[in-house]
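Below: one structure, written as structure tokens.
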Amino acid sequence: MKVFLSYSLNDQDLFILTLLAEELNKKGFIINQSNDFHTEMSSLTRVNINNSNLFIGLISGTGHEKNRVINEWRLATSKNIPCIFLIENTVPINQNFKSKYLIFDRYNPHQAIEELKKTINIKKENQNDSNALAWILGGAALLSIISLLSKDDKK
């Protein structure tokens, strides 16, 4: 399975990408990500998103690439690629943004973890969902990352 990982993180949180990549690799994913920082979306990024089985978007409050991540996420949703979109609670979200996303509070990650677990369980129960496996495996990898983000910030 292929996952496209799109992120807007500050330099101190970039280690999370390495840890997330390790978790995703353990679950059998091949990882692609954007290299289109501060530019228009390249044809390579479009192809990688289109060929993905799962899209994971991460936006932190101090990241500088929020718009790029949202544009890549929009492409993934337009292609009906299953998406897990994790947004830190310090990020202002436009009221017109009605799509499904998960809010993360690094000082109190419990709610995001429970919400993610609930969605994973729903996906496990829905055997008619051909995208469920990608979502379940990707969601499980994100569970450990949410915990790591919150632990790191408390040091």
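Chain lettering (A, B, ...) mirrors the order of the structure tokens, residue numbering begins at 1 for each chain separately, and ligand numbering begins at 1 in order of display.
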
Quiz item: Near A:Met41, counting only C-alpha atoms, which residues have an atom at most 8 Å away, once you skip same-chain residues fewer than 3 positions from it, shown as a PyMOL selection string?
Solution: chain A and resi 36+45-46+68+72

Put those residues in a file: C-alpha atoms, as a short mmCIF file (atom, residue, chain, number, x, y, z; two decimals), in the first residue's frame.
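Once written, part-v6.cif looks like this:
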data_model
loop_
_atom_site.label_atom_id
_atom_site.label_comp_id
_atom_site.auth_asym_id
_atom_site.auth_seq_id
_atom_site.Cartn_x
_atom_site.Cartn_y
_atom_site.Cartn_z
CA ASP A 36 6.78 21.37 -3.40
CA THR A 45 3.16 15.29 -6.43
CA ARG A 46 -0.13 14.95 -8.33
CA ARG A 68 0.14 23.47 0.51
CA GLU A 72 -2.76 18.40 -1.55
#

Quiz item: Counting only C-alpha atoms, what is within 7 Å of A:Phe4, bar same-chain residues fewer than 2 positions away, as a VMD selection string?
Solution: chain A and resid 2 6 31 to 33 48 to 49 52 54 to 56

Exercise. Write out as a list in words each polymer residue whose atoms come within 10 Å of A:Ile120, counting only C-alpha atoms; drop sequence neighbours fewer than 2 positions from it.
Key: Glu114, Glu115, Leu116, Lys117, Lys118, Ile122, Lys123, Lys124, Glu125, Ala132, Leu133, Trp135, Ile136, Leu137, Gly138, Gly139 and Ala140 of chain A

Self-check item: Best match for closeness to A:Arg106 among A:Thr90, A:Ser144, A:Gln12, A:Asn80, counting only C-alpha atoms
Solution: A:Thr90

Quiz item: So what do you get for atom CA of A:Asp11 versus atom CA of A:Ile146, distance-wise?
Solution: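 Pair atom CA of A:Asp11 / atom CA of A:Ile146 returns 16.9 Å.
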
Quiz item: Which polymer residues have any atom within 12 Å of an atom of A:His64, counting only C-alpha atoms, with same-chain residues fewer than 4 positions away left out, as JSON, numbers by chain?
Solution: {"A": [7, 8, 9, 10, 11, 37, 38, 58, 59, 60, 68, 69, 70, 91]}

Just write the chosen residues, C-alpha atoms, as a PDB file, in the first residue's frame.
ATOM      1  CA  TYR A   7       2.787  18.073   6.556  1.00  0.00           C
ATOM      2  CA  SER A   8       3.231  21.567   7.900  1.00  0.00           C
ATOM      3  CA  LEU A   9       5.421  21.233  10.981  1.00  0.00           C
ATOM      4  CA  ASN A  10       8.033  23.404  12.641  1.00  0.00           C
ATOM      5  CA  ASP A  11      11.667  22.285  12.681  1.00  0.00           C
ATOM      6  CA  PHE A  37       7.587  23.711  -0.547  1.00  0.00           C
ATOM      7  CA  HIS A  38       6.607  27.322  -1.298  1.00  0.00           C
ATOM      8  CA  LEU A  58      -0.529  16.949   9.504  1.00  0.00           C
ATOM      9  CA  ILE A  59      -0.767  20.657  10.299  1.00  0.00           C
ATOM     10  CA  SER A  60       0.784  22.125  13.440  1.00  0.00           C
ATOM     11  CA  ARG A  68       0.141  23.468   0.505  1.00  0.00           C
ATOM     12  CA  VAL A  69      -1.126  20.685   2.757  1.00  0.00           C
ATOM     13  CA  ILE A  70      -4.732  21.787   2.242  1.00  0.00           C
ATOM     14  CA  VAL A  91      -4.488  26.425  13.769  1.00  0.00           C
TER      15      VAL A  91
END
